[in-house]
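Coordinates from upload_4.cif are shown below (mmCIF, C-alpha atoms).
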data_work
loop_
_atom_site.label_atom_id
_atom_site.label_comp_id
_atom_site.auth_asym_id
_atom_site.auth_seq_id
_atom_site.Cartn_x
_atom_site.Cartn_y
_atom_site.Cartn_z
CA MET S 1 -2.36 39.14 5.38
CA GLY S 2 -1.44 41.57 2.59
CA ASN S 3 -2.04 40.87 -1.08
CA SER S 4 1.63 40.20 -1.80
CA ALA S 5 1.96 37.80 1.14
CA ALA S 6 -1.19 36.00 0.15
CA ARG S 7 0.06 35.77 -3.43
CA ARG S 8 3.40 34.32 -2.28
CA LEU S 9 1.59 31.75 -0.14
CA GLY S 10 -0.65 30.82 -3.06
CA GLN S 11 2.37 30.46 -5.34
CA ALA S 12 4.15 28.31 -2.76
CA VAL S 13 1.11 26.06 -2.37
CA LEU S 14 0.72 25.81 -6.14
CA SER S 15 4.41 25.01 -6.62
CA LEU S 16 4.31 22.35 -3.92
CA GLY S 17 1.12 20.96 -5.42
CA ILE S 18 2.79 20.68 -8.81
CA LEU S 19 5.76 18.93 -7.26
CA LEU S 20 3.56 16.48 -5.43
CA GLY S 21 0.99 15.99 -8.13
CA GLY S 22 2.70 13.61 -10.52
CA ARG S 23 5.65 11.25 -10.59
CA GLU S 24 7.66 13.98 -8.84
CA ALA S 25 5.45 13.44 -5.77
CA LEU S 26 7.64 10.55 -4.86
CA ALA S 27 10.72 12.75 -4.43
CA ASN S 28 9.01 14.86 -1.75
CA THR S 29 7.49 14.09 1.62
CA LEU S 30 4.33 15.37 3.22
CA THR S 31 3.00 14.37 6.63
CA GLN S 32 -0.61 13.22 6.28
CA ASN S 33 -1.72 11.68 9.57
CA SER S 34 -5.29 10.94 10.54
CA SER S 35 -7.30 9.63 13.45
CA TRP S 36 -10.86 8.54 12.83
CA THR S 37 -13.25 6.68 15.10
CA ILE S 38 -15.79 4.43 13.42
CA ASP S 39 -18.58 5.03 15.91
CA ARG S 40 -21.00 2.13 16.02
CA ALA S 41 -24.39 2.82 17.56
CA GLY S 42 -25.09 1.23 20.93
CA THR S 43 -21.48 0.29 21.70
CA THR S 44 -19.04 1.53 24.31
CA ALA S 45 -15.90 -0.56 23.73
CA LYS S 46 -13.33 1.08 21.43
CA TYR S 47 -10.34 -0.73 19.94
CA ARG S 48 -7.49 0.65 17.88
CA VAL S 49 -5.98 -0.13 14.47
CA VAL S 50 -2.58 1.54 13.95
CA ALA S 51 -1.19 1.91 10.43
CA TYR S 52 2.27 3.20 9.51
CA GLY S 53 3.26 3.94 5.95
CA ASP S 54 3.55 6.29 3.01
CA SER S 55 0.98 7.79 0.65
CA ILE S 56 -0.85 4.49 0.20
CA PHE S 57 -1.97 4.20 3.81
CA ALA S 58 -2.28 7.98 4.01
CA GLY S 59 -4.97 7.92 1.35
CA TYR S 60 -3.11 10.44 -0.80
CA ASN S 61 -5.23 11.59 -3.74
CA GLY S 62 -3.26 14.50 -5.16
CA SER S 63 -4.30 16.96 -2.48
CA LEU S 64 -1.98 18.50 0.11
CA SER S 65 -4.86 19.16 2.47
CA ASN S 66 -7.25 16.21 2.22
CA VAL S 67 -6.84 12.45 2.24
CA ASP S 68 -9.26 9.63 1.42
CA LYS S 69 -11.40 8.69 4.38
CA ARG S 70 -12.04 5.17 3.11
CA ALA S 71 -8.34 4.34 2.69
CA ALA S 72 -7.31 0.71 3.15
CA THR S 73 -6.96 0.59 6.93
CA TRP S 74 -10.17 2.59 7.47
CA VAL S 75 -11.97 -0.06 5.41
CA GLN S 76 -10.31 -2.76 7.50
CA GLY S 77 -11.53 -0.99 10.63
CA GLU S 78 -15.08 -0.93 9.30
CA TYR S 79 -15.01 -4.70 8.85
CA LEU S 80 -13.69 -5.04 12.41
CA SER S 81 -16.41 -2.77 13.77
CA ASN S 82 -19.01 -4.99 12.15
CA SER S 83 -17.58 -8.32 13.31
CA TRP S 84 -16.73 -7.14 16.84
CA ASN S 85 -19.81 -4.92 17.29
CA SER S 86 -17.54 -2.20 18.66
CA ASP S 87 -16.12 1.22 17.92
CA ILE S 88 -12.82 1.17 16.02
CA GLU S 89 -10.24 3.93 16.21
CA VAL S 90 -8.15 3.98 13.03
CA ILE S 91 -4.82 5.74 13.56
CA ARG S 92 -2.81 6.44 10.40
CA ARG S 93 0.72 7.76 10.95
CA THR S 94 1.90 8.35 7.43
CA LYS S 95 4.16 10.45 5.27
CA SER S 96 3.37 10.70 1.58
CA GLY S 97 6.45 10.43 -0.62
CA ALA S 98 8.59 8.85 2.12
CA LYS S 99 11.05 6.05 1.47
CA ALA S 100 11.40 2.98 3.68
CA ASP S 101 14.08 4.40 5.98
CA ASP S 102 11.95 7.49 6.62
CA ILE S 103 8.86 5.41 7.43
CA TYR S 104 10.89 3.24 9.77
CA ASN S 105 12.78 5.98 11.61
CA ASN S 106 10.28 8.83 11.64
CA LYS S 107 6.98 6.98 11.83
CA ILE S 108 7.34 3.49 13.27
CA VAL S 109 10.15 4.27 15.72
CA SER S 110 9.51 7.93 16.51
CA GLU S 111 5.76 7.46 16.81
CA LYS S 112 5.72 4.12 18.59
CA SER S 113 3.40 5.48 21.30
CA HIS S 114 0.41 4.99 19.01
CA MET S 115 0.83 1.22 18.96
CA GLN S 116 1.62 1.11 22.68
CA ALA S 117 -1.89 2.20 23.68
CA ALA S 118 -3.75 -0.40 25.74
CA ASN S 119 -6.65 -0.62 23.26
CA THR S 120 -4.41 -1.45 20.26
CA ARG S 121 -5.46 -4.69 18.60
CA VAL S 122 -4.02 -4.42 15.08
CA VAL S 123 -0.75 -2.91 13.84
CA THR S 124 -0.06 -2.83 10.12
CA PHE S 125 2.50 -1.14 7.88
CA GLU S 126 3.61 -0.73 4.30
CA MET S 127 6.74 0.83 2.83
CA CYS S 128 9.16 0.71 -0.11
CA GLY S 129 6.90 2.00 -2.87
CA ASN S 130 8.77 5.29 -3.11
CA ASP S 131 12.15 3.53 -3.02
CA PHE S 132 11.22 1.66 -6.18
CA LEU S 133 9.38 4.50 -7.90
CA GLN S 134 12.27 6.90 -7.40
CA ALA S 135 14.70 4.23 -8.59
CA ARG S 136 12.51 3.61 -11.64
CA ASP S 137 12.49 7.32 -12.48
CA SER S 138 16.27 7.45 -12.08
CA PHE S 139 16.71 4.42 -14.31
CA ALA S 140 14.36 5.86 -16.95
CA ASP S 141 16.36 9.09 -17.06
CA GLN S 142 19.68 7.34 -17.72
CA SER S 143 21.62 7.54 -20.95
CA GLY S 144 24.79 5.74 -21.94
CA THR S 145 25.41 2.46 -20.12
CA CYS S 146 22.58 1.31 -17.86
CA ASN S 147 23.25 1.46 -14.13
CA TYR S 148 21.05 -1.16 -12.47
CA GLY S 149 22.51 -0.19 -9.11
CA VAL S 150 19.69 2.29 -8.42
CA LEU S 151 17.16 -0.55 -8.64
CA ASP S 152 19.33 -2.92 -6.62
CA THR S 153 19.73 -0.29 -3.89
CA ALA S 154 15.95 0.11 -3.67
CA LEU S 155 15.62 -3.65 -3.15
CA ALA S 156 18.39 -3.75 -0.55
CA ASN S 157 16.97 -0.84 1.44
CA CYS S 158 13.47 -2.24 1.28
CA THR S 159 14.68 -5.61 2.55
CA LYS S 160 16.56 -3.99 5.42
CA TYR S 161 13.76 -1.79 6.70
CA GLN S 162 10.96 -4.32 6.27
CA GLU S 163 12.78 -6.63 8.66
CA LEU S 164 13.76 -3.86 11.09
CA ALA S 165 10.15 -2.66 11.17
CA MET S 166 8.85 -6.10 12.12
CA GLN S 167 11.47 -6.49 14.81
CA PHE S 168 10.64 -3.07 16.27
CA ILE S 169 6.88 -3.60 16.18
CA ASN S 170 7.26 -6.95 17.89
CA ALA S 171 9.26 -5.29 20.66
CA ASN S 172 6.99 -2.25 21.09
CA ALA S 173 3.37 -3.00 20.20
CA ASN S 174 1.07 -3.33 23.19
CA ALA S 175 0.88 -6.86 24.56
CA ALA S 176 -2.87 -6.91 23.83
CA THR S 177 -2.21 -6.58 20.07
CA LYS S 178 -3.84 -9.53 18.31
CA LYS S 179 -2.58 -9.08 14.76
CA LYS S 180 0.43 -7.54 13.05
CA MET S 181 0.47 -7.18 9.29
CA ILE S 182 2.56 -5.97 6.38
CA MET S 183 1.19 -5.12 2.95
CA ASN S 184 3.48 -5.71 -0.01
CA LEU S 185 3.63 -3.71 -3.25
CA TYR S 186 1.40 -3.63 -6.27
CA TYR S 187 3.06 -2.39 -9.48
CA PRO S 188 1.74 1.05 -10.49
CA GLY S 189 2.59 1.96 -14.07
CA TYR S 190 3.04 -1.67 -15.12
CA ASP S 191 1.88 -1.02 -18.68
CA ALA S 192 3.70 2.31 -18.91
CA ASP S 193 6.99 0.60 -18.05
CA ASN S 194 6.62 -1.79 -20.99
CA GLY S 195 8.94 0.21 -23.22
CA MET S 196 12.61 0.48 -24.01
CA SER S 197 15.15 2.35 -21.93
CA SER S 198 17.30 5.21 -23.16
CA CYS S 199 20.40 3.54 -21.74
CA THR S 200 22.06 0.39 -23.09
CA ASP S 201 23.00 -2.78 -21.29
CA ALA S 202 26.77 -3.16 -20.75
CA SER S 203 26.74 -6.83 -21.82
CA THR S 204 24.52 -6.71 -24.88
CA GLY S 205 24.93 -3.12 -26.00
CA GLN S 206 21.16 -3.03 -26.47
CA LYS S 207 18.43 -1.00 -24.84
CA VAL S 208 16.43 -2.90 -22.23
CA ASN S 209 12.76 -3.18 -21.45
CA LYS S 210 12.12 -1.03 -18.37
CA GLN S 211 9.47 -3.40 -17.05
CA ASN S 212 11.91 -6.30 -17.30
CA ALA S 213 14.47 -4.35 -15.28
CA MET S 214 12.02 -3.30 -12.56
CA PHE S 215 9.71 -6.26 -12.17
CA PRO S 216 12.05 -8.99 -10.85
CA ARG S 217 13.39 -6.67 -8.15
CA LEU S 218 9.90 -5.65 -7.05
CA ALA S 219 8.93 -9.33 -6.98
CA ARG S 220 11.88 -10.14 -4.73
CA SER S 221 10.84 -7.35 -2.39
CA ASN S 222 7.31 -8.76 -2.21
CA TYR S 223 8.58 -12.26 -1.54
CA ARG S 224 10.79 -11.01 1.28
CA ALA S 225 7.90 -9.05 2.82
CA CYS S 226 5.87 -12.24 3.10
CA LYS S 227 8.85 -14.39 4.11
CA PHE S 228 9.75 -11.98 6.93
CA ALA S 229 6.09 -11.93 7.94
CA ALA S 230 6.13 -15.68 8.45
CA GLN S 231 9.40 -15.43 10.36
CA TYR S 232 8.27 -12.66 12.72
CA GLY S 233 4.65 -13.60 13.34
CA PHE S 234 3.04 -11.13 10.92
CA ASP S 235 0.40 -11.72 8.28
CA CYS S 236 1.26 -10.70 4.72
CA VAL S 237 -1.41 -8.82 2.79
CA ASP S 238 -0.56 -9.60 -0.83
CA ALA S 239 -1.49 -6.37 -2.58
CA PHE S 240 0.30 -7.48 -5.73
CA ALA S 241 -2.01 -10.46 -6.17
CA GLU S 242 -5.12 -8.47 -5.22
CA TYR S 243 -4.43 -5.62 -7.64
CA MET S 244 -2.63 -7.27 -10.54
CA GLY S 245 -4.60 -10.50 -10.94
CA ALA S 246 -8.18 -10.85 -12.20
CA ASP S 247 -11.01 -12.28 -10.14
CA TYR S 248 -11.60 -15.07 -12.64
CA ASP S 249 -9.48 -17.77 -14.29
CA SER S 250 -8.25 -16.17 -17.52
CA ASN S 251 -5.69 -18.83 -18.51
CA GLY S 252 -7.63 -22.00 -17.74
CA ASP S 253 -5.20 -23.32 -15.14
CA GLY S 254 -7.99 -23.96 -12.63
CA LYS S 255 -7.14 -20.99 -10.42
CA ILE S 256 -8.58 -17.52 -10.21
CA ASP S 257 -5.75 -15.31 -11.46
CA ALA S 258 -5.44 -13.37 -8.19
CA ASP S 259 -5.13 -16.63 -6.26
CA GLY S 260 -2.51 -17.94 -8.66
CA LEU S 261 -0.32 -14.89 -8.05
CA ARG S 262 -0.37 -15.12 -4.26
CA TYR S 263 2.69 -15.80 -2.16
CA ILE S 264 2.95 -19.50 -1.30
CA PRO S 265 4.46 -20.30 2.13
CA GLY S 266 7.55 -22.47 1.78
CA GLU S 267 8.24 -21.49 -1.83
CA THR S 268 11.80 -20.38 -2.53
CA GLU S 269 12.49 -16.81 -3.60
CA ASP S 270 13.75 -17.83 -7.04
CA ALA S 271 10.71 -20.05 -7.59
CA TYR S 272 8.38 -17.21 -6.61
CA VAL S 273 10.12 -14.73 -8.91
CA THR S 274 9.96 -17.19 -11.82
CA ARG S 275 6.28 -17.92 -11.19
CA ILE S 276 5.31 -14.25 -10.96
CA THR S 277 7.55 -12.71 -13.64
CA SER S 278 7.52 -15.57 -16.15
CA THR S 279 5.14 -18.52 -15.68
CA LEU S 280 2.06 -16.45 -14.80
CA ARG S 281 3.10 -13.19 -16.41
CA GLY S 282 0.38 -13.52 -19.02
CA THR S 283 -2.26 -13.27 -16.27
CA ILE S 284 -0.92 -9.97 -14.90
CA ARG S 285 -2.91 -6.88 -15.80
CA ASP S 286 -2.23 -3.22 -15.07
CA ALA S 287 -4.30 -2.25 -12.04
CA ASN S 288 -5.99 0.49 -14.08
CA SER S 289 -8.11 -2.38 -15.40
CA HIS S 290 -8.74 -4.87 -12.63
CA PHE S 291 -11.04 -7.48 -14.15
CA GLU S 292 -13.93 -8.82 -12.08
CA SER S 293 -14.89 -10.99 -15.03
CA SER S 294 -13.83 -11.24 -18.65
CA GLY S 295 -16.20 -8.41 -19.51
CA THR S 296 -16.14 -6.16 -16.43
CA SER S 297 -13.23 -4.22 -15.00
CA PHE S 298 -12.67 -1.53 -12.36
CA ASP S 299 -9.97 1.10 -12.15
CA TYR S 300 -7.88 0.53 -9.02
CA ILE S 301 -5.54 3.47 -9.71
CA LEU S 302 -6.15 7.22 -9.80
CA SER S 303 -5.28 9.33 -12.84
CA ASP S 304 -1.76 9.86 -11.46
CA ASN S 305 -1.14 6.18 -12.35
CA THR S 306 0.22 5.59 -8.84
CA HIS S 307 -2.27 5.84 -5.97
CA PRO S 308 -5.31 3.64 -5.25
CA SER S 309 -8.80 4.73 -6.22
CA TYR S 310 -11.31 5.24 -3.42
CA SER S 311 -14.97 5.74 -2.63
CA GLY S 312 -16.57 8.54 -0.65
CA GLY S 313 -15.29 11.62 1.10
CA THR S 314 -12.03 12.94 2.49
CA ILE S 315 -10.46 14.03 5.79
CA TYR S 316 -8.90 17.49 6.12
CA VAL S 317 -5.33 17.22 7.45
CA GLY S 318 -4.18 20.86 7.27
CA LEU S 319 -3.34 23.34 4.53
CA LEU S 320 0.08 21.79 3.85
CA GLY S 321 -0.44 18.44 5.49
CA GLY S 322 -0.56 17.58 9.17
CA THR S 323 -3.10 15.61 11.17
CA GLY S 324 -6.84 15.32 10.74
CA SER S 325 -9.42 13.65 12.95
CA GLY S 326 -13.10 12.90 13.18
CA SER S 327 -15.70 10.24 13.82
CA GLY S 328 -18.79 8.83 12.21
CA ALA S 329 -20.93 5.77 11.80
CA PRO S 330 -19.79 2.88 9.62
CA GLU S 331 -20.93 3.28 6.04
CA TYR S 332 -21.43 -0.44 5.43
CA SER S 333 -22.49 -2.80 8.18
CA GLY S 334 -24.88 -5.57 9.15
CA ALA S 335 -26.82 -6.99 6.24
CA GLN S 336 -24.74 -4.94 3.78
CA ILE S 337 -21.69 -7.09 4.50
CA VAL S 338 -22.28 -10.52 3.00
CA GLY S 339 -19.69 -13.25 3.25
CA GLY S 340 -17.22 -10.77 4.72
CA LYS S 341 -17.53 -8.41 1.74
CA ASN S 342 -19.20 -5.04 1.44
CA PRO S 343 -20.99 -4.18 -1.84
CA ILE S 344 -17.95 -2.35 -3.28
CA TRP S 345 -15.18 -4.60 -1.99
CA ASN S 346 -13.59 -5.10 -5.42
CA ARG S 347 -14.49 -1.83 -7.18
CA TYR S 348 -11.79 0.48 -5.82
CA GLY S 349 -8.13 0.01 -4.96
CA HIS S 350 -8.51 1.04 -1.32
CA GLU S 351 -11.59 -1.11 -0.85
CA ARG S 352 -9.74 -4.12 -2.19
CA ALA S 353 -6.73 -3.51 0.06
CA GLY S 354 -8.96 -3.01 3.10
CA TRP S 355 -10.84 -6.22 2.38
CA ALA S 356 -7.52 -8.06 1.93
CA HIS S 357 -6.46 -6.85 5.38
CA SER S 358 -9.77 -7.99 6.83
CA LEU S 359 -9.05 -11.58 5.82
CA PHE S 360 -6.54 -11.63 8.70
CA ASN S 361 -8.67 -9.71 11.21
CA PRO S 362 -8.80 -11.27 14.69
CA LEU S 363 -12.08 -13.05 15.41
CA ALA S 364 -12.45 -11.27 18.74
CA PRO S 365 -10.82 -8.26 20.41
#
Can you dump the structure from the file as structure tokens?
Amino acid sequence: MGNSAARRLGQAVLSLGILLGGREALANTLTQNSSWTIDRAGTTAKYRVVAYGDSIFAGYNGSLSNVDKRAATWVQGEYLSNSWNSDIEVIRRTKSGAKADDIYNNKIVSEKSHMQAANTRVVTFEMCGNDFLQARDSFADQSGTCNYGVLDTALANCTKYQELAMQFINANANAATKKKMIMNLYYPGYDADNGMSSCTDASTGQKVNKQNAMFPRLARSNYRACKFAAQYGFDCVDAFAEYMGADYDSNGDGKIDADGLRYIPGETEDAYVTRITSTLRGTIRDANSHFESSGTSFDYILSDNTHPSYSGGTIYVGLLGGTGSGSGAPEYSGAQIVGGKNPIWNRYGHERAGWAHSLFNPLAP
């Protein structure tokens, strides 16, 4: 390659990196698939976890070429490997920056073969984060009269594709699949959104709090994710509660904050939204400071204020995205996992999400 060609490639990579590096990442898409076998010593059986989603399940960390190895579903697989005493193949079919329709059409539907394999035991997915983040950016850029339609459209599209995804997975996952799961949304940038808009509300003529505009719609999306899960035989991994609520009782209501924020089966949508956005709002904390106790907190979000923090190394997926693979022994197993928790279960965003998935893991393959 000549110097000029190499320079053009470097400029292209740099430009794409800049586009993907911050809030603008959510307006672009990048395939970041991975296949990793957690290879447990002395075992021959190998079962599969299949995860479909966007940058969260991809393990996006700001790099075009590498993703977090210990992303949420990898962590889930490690717990499975320990409890089943087997090898676990974690397949992540993901596209960073993709909206819900893209995840549904180009990952779940187009790449259904991955969940049709005979050794599949768990299928999980997440979507909608980019729908809301792009809508939030659009809303924040408005002047004049506020158009809430961009936020409402994100909610409508999320609702549509969450349900379609469950219907499709039910029809296409291998019959041996023991568990199907959806993970709902945490709220990245919660504190940053607590400011006034540039636009004005048509009814009041006043600027509006951006968090107040965004939060109820995101809460409705999370409720519907868990409601659909109950309807279609899925388990709902409540990432909002896990990330946004402390691991102790900060308001003296007798419940650990994270438990108080969880979806309650049978609760109406309006009751859930009121409980989350009003009644218990004082217990919600930005996931940059997830409190283990009143005096100890861990940062669940990377410096981009969007993606989960992680522990350990990465997987190479190609210069400009693609698919990466590998294998290796579990990093935590046996006596290191006590009470279903590894030593870092609540110290990083991906560890917390993986542990939350593991709560629904099948007891046997």
Resolved residues for the PyMOL selection byres ((chain S and resi 79) around 10) as a PDB file with C-alpha atoms, in the frame of the given file:
ATOM      1  CA  THR S  73      -6.960   0.590   6.930  1.00  0.00           C
ATOM      2  CA  TRP S  74     -10.170   2.590   7.470  1.00  0.00           C
ATOM      3  CA  VAL S  75     -11.970  -0.060   5.410  1.00  0.00           C
ATOM      4  CA  GLN S  76     -10.310  -2.760   7.500  1.00  0.00           C
ATOM      5  CA  GLY S  77     -11.530  -0.990  10.630  1.00  0.00           C
ATOM      6  CA  GLU S  78     -15.080  -0.930   9.300  1.00  0.00           C
ATOM      7  CA  LEU S  80     -13.690  -5.040  12.410  1.00  0.00           C
ATOM      8  CA  SER S  81     -16.410  -2.770  13.770  1.00  0.00           C
ATOM      9  CA  ASN S  82     -19.010  -4.990  12.150  1.00  0.00           C
ATOM     10  CA  SER S  83     -17.580  -8.320  13.310  1.00  0.00           C
ATOM     11  CA  TRP S  84     -16.730  -7.140  16.840  1.00  0.00           C
ATOM     12  CA  ASN S  85     -19.810  -4.920  17.290  1.00  0.00           C
ATOM     13  CA  ILE S  88     -12.820   1.170  16.020  1.00  0.00           C
ATOM     14  CA  PRO S 330     -19.790   2.880   9.620  1.00  0.00           C
ATOM     15  CA  TYR S 332     -21.430  -0.440   5.430  1.00  0.00           C
ATOM     16  CA  SER S 333     -22.490  -2.800   8.180  1.00  0.00           C
ATOM     17  CA  GLY S 334     -24.880  -5.570   9.150  1.00  0.00           C
ATOM     18  CA  ILE S 337     -21.690  -7.090   4.500  1.00  0.00           C
ATOM     19  CA  GLY S 340     -17.220 -10.770   4.720  1.00  0.00           C
ATOM     20  CA  LYS S 341     -17.530  -8.410   1.740  1.00  0.00           C
ATOM     21  CA  ASN S 342     -19.200  -5.040   1.440  1.00  0.00           C
ATOM     22  CA  GLY S 354      -8.960  -3.010   3.100  1.00  0.00           C
ATOM     23  CA  TRP S 355     -10.840  -6.220   2.380  1.00  0.00           C
ATOM     24  CA  HIS S 357      -6.460  -6.850   5.380  1.00  0.00           C
ATOM     25  CA  SER S 358      -9.770  -7.990   6.830  1.00  0.00           C
ATOM     26  CA  LEU S 359      -9.050 -11.580   5.820  1.00  0.00           C
ATOM     27  CA  ASN S 361      -8.670  -9.710  11.210  1.00  0.00           C
TER      28      ASN S 361
END
Do a neighbour search on S:His307 at 8 Å with only C-alpha atoms, toss out local chain neighbours closer than 6 positions, and write the hits as a list in words.
-> Ser55, Ile56, Tyr60, Asn61, Pro188 and Ile301 of chain S
Using the chain letters and numbers from the file, give me the residues hit by the PyMOL selection byres ((chain S and resi 176-187) around 9), as a PyMOL selection string.
-> chain S and resi 115-116+118-129+162+166+169-170+173-175+188-190+215+218-219+221-223+225-226+229+233-244+286-287+306+353+357+360-362+364-365
Would you list the residues near (-9.0, -3.7, -13.2), meaning any protein, DNA or RNA residue with an atom at most 9 Å from that point in file coordinates, counting all atoms listed in the file, as JSON, numbers by chain?
-> {"S": [243, 244, 245, 246, 285, 286, 287, 288, 289, 290, 291, 292, 296, 297, 298, 299, 300, 301, 347, 348]}
Contacts between stretch 316-326 of chain S and stretch 56-104 of chain S, please, where a residue of stretch 56-104 of chain S counts if it comes within 8 Å (with all atoms listed in the file); show its shortest atom pair and distance in Å to one decimal, rows by chain and ascending number, as CSV.
residue,atom,partner,partner_atom,distance
S:Leu64,CA,S:Leu320,CA,5.4
S:Ser65,CA,S:Leu319,CA,4.9
S:Asn66,CA,S:Tyr316,CA,4.4
S:Val67,CA,S:Tyr316,CA,6.7
Expected file: the selected residues, C-alpha atoms, as a PDB file, in the frame of the given file:
ATOM      1  CA  LEU S  64      -1.980  18.500   0.110  1.00  0.00           C
ATOM      2  CA  SER S  65      -4.860  19.160   2.470  1.00  0.00           C
ATOM      3  CA  ASN S  66      -7.250  16.210   2.220  1.00  0.00           C
ATOM      4  CA  VAL S  67      -6.840  12.450   2.240  1.00  0.00           C
TER       5      VAL S  67
END
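Applied to the shown file, the PyMOL selection byres ((chain S and resi 45) around 9) selects the residues S:Thr43, S:Thr44, S:Lys46, S:Tyr47, S:Asn85, S:Ser86, S:Asp87, S:Ile88.
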